[in-house]
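Pasting query_18.csv here (CSV, C-alpha atoms and all ligand atoms):
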chain,number,residue,atom,x,y,z
A,1,MET,CA,-9.8,-31.6,0.5
A,2,PRO,CA,-11.9,-28.3,0.7
A,3,GLY,CA,-10.0,-25.3,-0.5
A,4,TYR,CA,-9.9,-22.1,-2.5
A,5,SER,CA,-8.4,-20.9,-5.7
A,6,THR,CA,-8.0,-17.2,-6.1
A,7,PRO,CA,-5.7,-14.3,-7.2
A,8,ALA,CA,-3.8,-12.9,-4.3
A,9,ILE,CA,-1.2,-10.3,-3.3
A,10,VAL,CA,1.4,-11.0,-0.6
A,11,LEU,CA,1.0,-8.5,2.2
A,12,ARG,CA,3.4,-10.1,4.7
A,13,LYS,CA,5.9,-12.9,4.8
A,14,THR,CA,7.4,-14.3,8.0
A,15,ASP,CA,9.6,-17.3,8.8
A,16,PHE,CA,8.0,-20.1,10.7
A,17,GLY,CA,10.5,-22.5,12.1
A,18,ASP,CA,13.3,-23.7,9.9
A,19,TYR,CA,11.2,-24.9,7.0
A,20,ASP,CA,8.0,-23.0,6.6
A,21,LEU,CA,6.8,-19.5,5.7
A,22,ILE,CA,3.7,-17.8,7.0
A,23,LEU,CA,2.1,-15.6,4.3
A,24,THR,CA,-0.6,-13.0,4.8
A,25,LEU,CA,-2.4,-12.8,1.5
A,26,PHE,CA,-4.9,-10.2,0.2
A,27,THR,CA,-7.0,-12.5,-1.9
A,28,LEU,CA,-9.5,-11.2,-4.5
A,29,GLU,CA,-12.2,-13.6,-3.6
A,30,GLU,CA,-11.7,-14.6,0.0
A,31,GLY,CA,-10.3,-11.3,1.5
A,32,LYS,CA,-7.4,-11.3,3.9
A,33,THR,CA,-6.1,-14.8,4.6
A,34,THR,CA,-3.1,-16.1,6.4
A,35,VAL,CA,-1.6,-19.4,5.1
A,36,ILE,CA,1.3,-21.6,5.8
A,37,ALA,CA,3.7,-22.5,2.9
A,38,LYS,CA,5.3,-25.8,4.0
A,39,SER,CA,9.0,-26.2,3.2
A,40,ALA,CA,9.0,-22.9,1.3
A,41,LYS,CA,11.8,-21.6,3.4
A,42,LYS,CA,14.0,-24.7,3.3
A,43,SER,CA,13.7,-25.3,-0.4
A,44,THR,CA,13.0,-22.7,-3.1
A,45,LYS,CA,12.1,-25.6,-5.3
A,46,ARG,CA,8.9,-26.2,-3.5
A,47,PHE,CA,7.3,-22.9,-4.8
A,48,GLY,CA,10.0,-21.9,-7.3
A,49,GLY,CA,11.0,-18.9,-5.1
A,50,ILE,CA,8.0,-16.8,-6.2
A,51,LEU,CA,6.5,-16.2,-2.7
A,52,GLU,CA,7.8,-12.6,-2.5
A,53,LEU,CA,6.3,-9.5,-0.9
A,54,PHE,CA,3.8,-7.6,-3.2
A,55,SER,CA,3.8,-10.3,-5.9
A,56,VAL,CA,0.5,-11.1,-7.5
A,57,LEU,CA,-0.1,-14.8,-7.5
A,58,ASP,CA,-2.8,-17.3,-8.3
A,59,VAL,CA,-3.0,-19.5,-5.2
A,60,VAL,CA,-4.7,-22.7,-4.2
A,61,TYR,CA,-4.9,-23.4,-0.5
A,62,SER,CA,-6.7,-26.0,1.6
A,63,THR,CA,-9.0,-25.2,4.5
A,64,GLY,CA,-9.6,-28.7,5.7
A,65,ARG,CA,-7.7,-28.6,9.0
A,66,ARG,CA,-9.5,-27.5,12.1
A,67,LYS,CA,-6.4,-26.2,13.8
A,68,GLY,CA,-3.6,-24.1,12.4
A,69,PHE,CA,-3.4,-22.1,9.2
A,70,PRO,CA,-4.8,-23.1,5.8
A,71,VAL,CA,-2.0,-24.8,3.8
A,72,LEU,CA,-0.8,-23.3,0.6
A,73,GLN,CA,-1.0,-26.0,-2.1
A,74,GLU,CA,-0.1,-24.2,-5.3
A,75,ALA,CA,1.1,-20.8,-6.4
A,76,ALA,CA,1.6,-19.4,-9.9
A,77,LEU,CA,3.2,-16.0,-10.5
A,78,LYS,CA,1.1,-13.4,-12.3
A,79,HIS,CA,3.1,-10.2,-11.7
A,80,PRO,CA,6.5,-10.3,-10.0
A,81,PHE,CA,7.1,-6.5,-9.9
A,82,PRO,CA,10.9,-6.8,-10.0
A,83,ASN,CA,11.4,-3.0,-10.1
A,84,ILE,CA,9.7,-2.5,-6.7
A,85,ARG,CA,12.0,-5.0,-5.0
A,86,SER,CA,15.2,-3.6,-6.5
A,87,SER,CA,14.4,-0.1,-5.2
A,88,MET,CA,14.5,0.7,-1.5
A,89,LEU,CA,12.2,3.7,-2.0
A,90,LYS,CA,9.6,1.8,-4.0
A,91,THR,CA,9.8,-1.0,-1.5
A,92,ALA,CA,9.2,1.5,1.3
A,93,TYR,CA,6.0,2.9,-0.4
A,94,ALA,CA,4.6,-0.6,-1.1
A,95,SER,CA,5.3,-1.6,2.5
A,96,TYR,CA,3.4,1.4,3.8
A,97,TRP,CA,0.4,0.6,1.6
A,98,ALA,CA,0.5,-3.1,2.5
A,99,GLU,CA,0.7,-2.2,6.2
A,100,LEU,CA,-2.3,0.1,6.0
A,101,ILE,CA,-4.3,-2.7,4.3
A,102,ASN,CA,-3.2,-5.4,6.7
A,103,GLU,CA,-4.0,-3.2,9.8
A,104,TRP,CA,-7.4,-2.2,8.5
A,105,MET,CA,-8.7,-5.5,7.1
A,106,GLU,CA,-10.2,-8.3,9.2
A,107,ASP,CA,-9.6,-11.9,8.2
A,108,GLY,CA,-12.0,-13.0,5.5
A,109,GLN,CA,-13.1,-9.4,4.7
A,110,VAL,CA,-13.6,-9.3,0.9
A,111,GLU,CA,-12.7,-5.9,-0.6
A,112,VAL,CA,-12.6,-6.1,-4.4
A,113,PRO,CA,-12.2,-2.3,-5.1
A,114,LEU,CA,-9.3,-2.2,-2.6
A,115,PHE,CA,-7.7,-5.2,-4.2
A,116,GLN,CA,-8.0,-3.5,-7.6
A,117,LEU,CA,-6.6,-0.2,-6.2
A,118,PHE,CA,-3.6,-2.0,-4.6
A,119,HIS,CA,-2.9,-3.9,-7.8
A,120,HIS,CA,-3.1,-0.7,-9.8
A,121,VAL,CA,-0.7,1.3,-7.6
A,122,LEU,CA,1.8,-1.6,-7.4
A,123,LYS,CA,1.7,-2.0,-11.2
A,124,ALA,CA,2.3,1.8,-11.7
A,125,LEU,CA,5.0,1.8,-9.1
A,126,ASP,CA,6.8,-1.0,-10.9
A,127,ALA,CA,6.4,0.7,-14.3
A,128,GLY,CA,7.9,3.9,-12.9
A,129,ARG,CA,6.0,6.3,-15.2
A,130,GLU,CA,4.4,8.4,-12.4
A,131,PRO,CA,6.1,9.8,-9.3
A,132,GLU,CA,5.9,7.5,-6.3
A,133,ALA,CA,4.5,10.3,-4.1
A,134,SER,CA,1.7,10.9,-6.6
A,135,LEU,CA,0.7,7.1,-6.4
A,136,SER,CA,0.9,7.2,-2.6
A,137,ILE,CA,-1.6,10.2,-2.6
A,138,LEU,CA,-3.9,8.3,-5.0
A,139,PHE,CA,-3.7,5.2,-2.9
A,140,GLN,CA,-4.3,6.9,0.5
A,141,MET,CA,-7.2,9.1,-0.7
A,142,ARG,CA,-9.0,6.1,-2.2
A,143,PHE,CA,-8.1,3.8,0.7
A,144,ILE,CA,-9.7,6.2,3.2
A,145,THR,CA,-12.8,6.5,1.0
A,146,ILE,CA,-13.2,2.7,1.1
A,147,ALA,CA,-12.4,2.6,4.8
A,148,GLY,CA,-14.9,5.3,5.5
A,149,LEU,CA,-12.3,7.6,7.1
A,150,LEU,CA,-12.7,10.6,4.7
A,151,PRO,CA,-11.5,14.0,5.9
A,152,ASN,CA,-13.6,17.1,5.7
A,153,LEU,CA,-12.2,18.8,2.6
A,154,ARG,CA,-15.4,20.3,1.3
A,155,ARG,CA,-16.5,22.3,4.3
A,156,CYS,CA,-14.9,23.9,7.4
A,157,SER,CA,-14.9,21.1,10.1
A,158,ILE,CA,-16.3,23.5,12.7
A,159,CYS,CA,-18.8,26.0,11.1
A,160,ARG,CA,-19.5,23.8,8.0
A,161,VAL,CA,-19.2,26.7,5.6
A,162,GLU,CA,-18.4,25.4,2.1
A,163,VAL,CA,-14.8,25.8,0.9
A,164,ASP,CA,-16.0,27.2,-2.5
A,165,LYS,CA,-17.6,30.1,-0.6
A,166,ILE,CA,-14.4,31.1,1.2
A,167,LYS,CA,-12.0,33.4,-0.5
A,168,GLU,CA,-8.9,32.0,1.2
A,169,ALA,CA,-6.1,30.5,-0.9
A,170,ARG,CA,-5.1,28.0,1.8
A,171,PHE,CA,-6.6,26.4,4.8
A,172,GLU,CA,-5.4,25.2,8.2
A,173,TYR,CA,-6.2,21.6,9.0
A,174,ASN,CA,-6.7,19.9,12.3
A,175,LEU,CA,-6.5,16.1,12.6
A,176,ASN,CA,-8.7,16.0,15.7
A,177,LYS,CA,-11.5,18.0,14.0
A,178,GLY,CA,-11.2,15.8,11.0
A,179,GLY,CA,-10.2,18.2,8.3
A,180,ILE,CA,-9.8,21.8,7.2
A,181,ILE,CA,-10.8,24.9,9.2
A,182,CYS,CA,-11.7,28.3,7.9
A,183,ARG,CA,-9.9,31.4,9.2
A,184,ASP,CA,-12.9,32.5,11.3
A,185,CYS,CA,-12.8,29.2,13.2
A,186,ALA,CA,-9.0,28.9,13.3
A,187,SER,CA,-7.2,29.2,16.6
A,188,GLU,CA,-5.2,32.3,17.5
A,189,THR,CA,-1.9,30.3,17.6
A,190,PRO,CA,-0.3,30.2,14.2
A,191,ALA,CA,-0.9,26.9,12.6
A,192,LYS,CA,1.8,24.8,11.0
A,193,ASN,CA,-0.3,22.6,8.8
A,194,PHE,CA,-2.0,23.9,5.6
A,195,LEU,CA,-3.6,22.7,2.4
A,196,SER,CA,-3.9,25.1,-0.5
A,197,LYS,CA,-7.2,25.3,-2.3
A,198,GLY,CA,-5.6,23.8,-5.4
A,199,THR,CA,-4.4,20.7,-3.6
A,200,ILE,CA,-7.8,20.3,-1.9
A,201,LYS,CA,-9.5,20.3,-5.3
A,202,GLN,CA,-7.0,17.6,-6.6
A,203,LEU,CA,-7.5,15.4,-3.6
A,204,LEU,CA,-11.2,15.5,-4.0
A,205,TRP,CA,-10.9,14.7,-7.7
A,206,LEU,CA,-8.8,11.5,-6.7
A,207,GLU,CA,-11.5,10.5,-4.4
A,208,LYS,CA,-14.5,10.8,-6.7
A,209,GLU,CA,-13.4,9.9,-10.2
A,210,ASP,CA,-13.0,6.3,-11.5
A,211,LEU,CA,-9.5,4.9,-11.0
A,212,THR,CA,-8.3,5.4,-14.6
A,213,THR,CA,-9.3,9.0,-14.6
A,214,ALA,CA,-8.0,9.7,-11.1
A,215,SER,CA,-4.7,8.2,-12.1
A,216,ARG,CA,-4.2,11.0,-14.6
A,217,VAL,CA,-4.1,13.8,-12.0
A,218,LYS,CA,-0.8,15.6,-12.1
A,219,PHE,CA,0.4,17.3,-8.9
A,220,ALA,CA,2.8,20.2,-8.9
A,221,SER,CA,5.7,19.6,-6.5
A,222,ASP,CA,4.3,21.8,-3.8
A,223,GLY,CA,1.0,19.9,-4.1
A,224,LEU,CA,2.8,16.6,-3.8
A,225,LYS,CA,4.5,17.7,-0.6
A,226,GLU,CA,1.3,19.2,0.9
A,227,GLY,CA,-0.8,16.2,0.0
A,228,LEU,CA,1.7,13.6,1.3
A,229,LYS,CA,2.3,15.5,4.6
A,230,PHE,CA,-1.5,15.8,5.1
A,231,LEU,CA,-2.4,12.2,4.3
A,232,GLU,CA,0.6,10.6,6.1
A,233,ALA,CA,-0.6,12.4,9.2
A,234,PHE,CA,-4.4,12.0,8.7
A,235,VAL,CA,-4.5,8.3,7.8
A,236,PRO,CA,-2.5,7.0,10.8
A,237,TYR,CA,-4.3,9.4,13.2
A,238,HIS,CA,-7.7,8.1,12.2
A,239,MET,CA,-6.7,4.5,12.1
A,240,GLY,CA,-5.3,4.9,15.6
A,241,LYS,CA,-2.0,3.3,14.6
A,242,SER,CA,1.4,4.6,13.7
A,243,PRO,CA,2.7,2.3,10.9
A,244,ARG,CA,6.3,1.2,11.4
A,245,SER,CA,6.8,1.2,7.6
A,246,LEU,CA,6.0,5.0,7.6
A,247,LYS,CA,9.2,5.7,9.5
A,248,PHE,CA,11.2,3.6,7.0
A,249,LEU,CA,9.5,5.4,4.1
A,250,ARG,CA,10.3,8.9,5.5
A,251,LYS,CA,13.9,7.8,6.0
A,252,MET,CA,14.2,6.5,2.4
A,253,ARG,CA,12.6,9.7,1.1
A,254,ASP,CA,15.1,11.9,3.0
A,255,GLU,CA,18.0,9.9,1.6
A,256,VAL,CA,16.7,10.3,-1.9
A,257,ASN,CA,16.3,14.0,-1.6
A,258,ILE,CA,19.9,14.6,-0.4
A,301,ZN,ZN,-15.3,27.7,10.1
How does this structure look as structure tokens?
Amino acid sequence: MPGYSTPAIVLRKTDFGDYDLILTLFTLEEGKTTVIAKSAKKSTKRFGGILELFSVLDVVYSTGRRKGFPVLQEAALKHPFPNIRSSMLKTAYASYWAELINEWMEDGQVEVPLFQLFHHVLKALDAGREPEASLSILFQMRFITIAGLLPNLRRCSICRVEVDKIKEARFEYNLNKGGIICRDCASETPAKNFLSKGTIKQLLWLEKEDLTTASRVKFASDGLKEGLKFLEAFVPYHMGKSPRSLKFLRKMRDEVNI
């Protein structure tokens, strides 16, 4: 039977009838693929209970049928990430990243750097050595670079003057204009959304360095708040979607802060 064997990360998991599961997989070699896992819901023995959200698996699935989903034949667990699933906050971050990927990718679209990025942030989220917010900024900046949705952070979105040539310490931004705006171009009404020059520099660093170097960027707590607020507004706006998981993430974050 024709089929594929590839590493994969589980993006979505839904029940299908009483017995089966439908899994949306982000595979390394075949891009985004939806497969059916027969009897996986009825019996955990069939796949050993490893078909969990965000887990990294080696999967084998057949593509022989003309109708319906490809059928998952085998799955082996590579990384279970137990610390993500035992924390509501970590689950909320991983769900948001998975939703962005799932919304943006077409079936069969192969995205190796995005797979590596997602794998990297999930691993770091599970290890817990870096703040979740910092990983989410890293993920979103690099995701929008891959998706071609980059904001204007080097120049004013209206007059195009370079940020380095402006003496202001912080800049207003406008989602509709695609990025930051200098004071000369800013509207008369007081703006509510700002990015400081320091945060802008750090965001640009995350975008252009290799993943290992970019992962070492340390944000101050103000920078984390600014960066998250900006990206969680910018990314959904330019994708034209408001992710359901973002509401859940904000709720979780509020609860943790209290
Ligand atoms: Zn301007």
**Message:** Report as a PyMOL selection string all protein, DNA and RNA residues lying within 10 Å of A:Leu28, evaluated on all atoms listed in the file, omitting residues in the same chain fewer than 5 positions from it.
**Reply:** chain A and resi 5-9+58+110-116
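The binding environment of ligand ZN 301 (chain A), defined as every protein, DNA or RNA residue with an atom no more than 7 Å away and counting all atoms listed in the file, comprises Cys156, Ser157, Ile158, Cys159, Arg160, Val161, Ile181, Cys182, Arg183, Asp184 and Cys185 of chain A.
Proximity to stretch 33-37 of chain A at 8 Å, evaluated using only C-alpha atoms and with sequence-adjacent residues fewer than 5 positions away removed, yields A:Asp20, A:Leu21, A:Ile22, A:Leu23, A:Thr24, A:Leu25, A:Phe26, A:Thr27, A:Tyr61, A:Phe69, A:Pro70, A:Val71, A:Leu72, A:Gln73, A:Asp107, A:Gly108.
Using only C-alpha atoms for every distance, the candidate list A:Ala186, A:Leu195, A:Ala94, A:Val121 yields A:Leu195 as the residue closest to A:Gly227.
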Residues at most 10 Å from A:Leu150, counting all atoms listed in the file, excluding those fewer than 2 positions away in the same chain, as a CSV table (one decimal) with C-alpha atoms, keeping the file's coordinate frame?
chain,number,residue,atom,x,y,z
A,141,MET,CA,-7.2,9.1,-0.7
A,142,ARG,CA,-9.0,6.1,-2.2
A,143,PHE,CA,-8.1,3.8,0.7
A,144,ILE,CA,-9.7,6.2,3.2
A,145,THR,CA,-12.8,6.5,1.0
A,146,ILE,CA,-13.2,2.7,1.1
A,147,ALA,CA,-12.4,2.6,4.8
A,148,GLY,CA,-14.9,5.3,5.5
A,152,ASN,CA,-13.6,17.1,5.7
A,153,LEU,CA,-12.2,18.8,2.6
A,178,GLY,CA,-11.2,15.8,11.0
A,179,GLY,CA,-10.2,18.2,8.3
A,207,GLU,CA,-11.5,10.5,-4.4
A,234,PHE,CA,-4.4,12.0,8.7
A,235,VAL,CA,-4.5,8.3,7.8
A,238,HIS,CA,-7.7,8.1,12.2
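As for atom CA of A:Pro80 and atom CA of A:Val10, they are spaced 10.7 Å apart.
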**Request:** Would you mind telling me which residue in A:Leu125, A:Leu77, A:Leu228, A:Val217 lies nearest to A:Leu204 when using only C-alpha atoms?
**Result:** A:Val217
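Of the residues listed (A:Lys177, A:Arg216, A:Lys165, A:His119), A:Lys177 shows the shortest atom-to-atom separation from A:Tyr237; distances use all atoms listed in the file.
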**Asked** What gap, in Å, lies between atom CA of A:Leu249 and atom CA of A:Ala92?
**Response** 4.8 Å
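If you look at atom CA of A:Gly128 and atom CA of A:Lys225, they are 18.8 Å away from each other.
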Residues at most 9 Å from A:Ala98, counting only C-alpha atoms, excluding those fewer than 3 positions away in the same chain, as a PDB file with C-alpha atoms, in the frame of the given file?
ATOM      1  CA  VAL A  10       1.400 -11.000  -0.600  1.00  0.00           C
ATOM      2  CA  LEU A  11       1.000  -8.500   2.200  1.00  0.00           C
ATOM      3  CA  ARG A  12       3.400 -10.100   4.700  1.00  0.00           C
ATOM      4  CA  PHE A  54       3.800  -7.600  -3.200  1.00  0.00           C
ATOM      5  CA  TYR A  93       6.000   2.900  -0.400  1.00  0.00           C
ATOM      6  CA  ALA A  94       4.600  -0.600  -1.100  1.00  0.00           C
ATOM      7  CA  SER A  95       5.300  -1.600   2.500  1.00  0.00           C
ATOM      8  CA  ILE A 101      -4.300  -2.700   4.300  1.00  0.00           C
ATOM      9  CA  ASN A 102      -3.200  -5.400   6.700  1.00  0.00           C
ATOM     10  CA  GLU A 103      -4.000  -3.200   9.800  1.00  0.00           C
ATOM     11  CA  PHE A 118      -3.600  -2.000  -4.600  1.00  0.00           C
TER      12      PHE A 118
END
**Asked** Need the neighbours of (9.0, -2.1, 4.0): which residues are at most 12 Å away, counting only C-alpha atoms, as number ranges by chain?
**Response** A: 11-13, 53-54, 84-85, 87-100, 243-252
For the residues selected in the previous step, produce a file with C-alpha atoms as a compact mmCIF listing (two decimals), keeping the file's coordinate frame.
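Writing done, so here's selection.txt:
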# COMPACT_ATOMS: atom_id res chain seq x y z
CA LEU A 11 1.00 -8.50 2.20
CA ARG A 12 3.40 -10.10 4.70
CA LYS A 13 5.90 -12.90 4.80
CA LEU A 53 6.30 -9.50 -0.90
CA PHE A 54 3.80 -7.60 -3.20
CA ILE A 84 9.70 -2.50 -6.70
CA ARG A 85 12.00 -5.00 -5.00
CA SER A 87 14.40 -0.10 -5.20
CA MET A 88 14.50 0.70 -1.50
CA LEU A 89 12.20 3.70 -2.00
CA LYS A 90 9.60 1.80 -4.00
CA THR A 91 9.80 -1.00 -1.50
CA ALA A 92 9.20 1.50 1.30
CA TYR A 93 6.00 2.90 -0.40
CA ALA A 94 4.60 -0.60 -1.10
CA SER A 95 5.30 -1.60 2.50
CA TYR A 96 3.40 1.40 3.80
CA TRP A 97 0.40 0.60 1.60
CA ALA A 98 0.50 -3.10 2.50
CA GLU A 99 0.70 -2.20 6.20
CA LEU A 100 -2.30 0.10 6.00
CA PRO A 243 2.70 2.30 10.90
CA ARG A 244 6.30 1.20 11.40
CA SER A 245 6.80 1.20 7.60
CA LEU A 246 6.00 5.00 7.60
CA LYS A 247 9.20 5.70 9.50
CA PHE A 248 11.20 3.60 7.00
CA LEU A 249 9.50 5.40 4.10
CA ARG A 250 10.30 8.90 5.50
CA LYS A 251 13.90 7.80 6.00
CA MET A 252 14.20 6.50 2.40
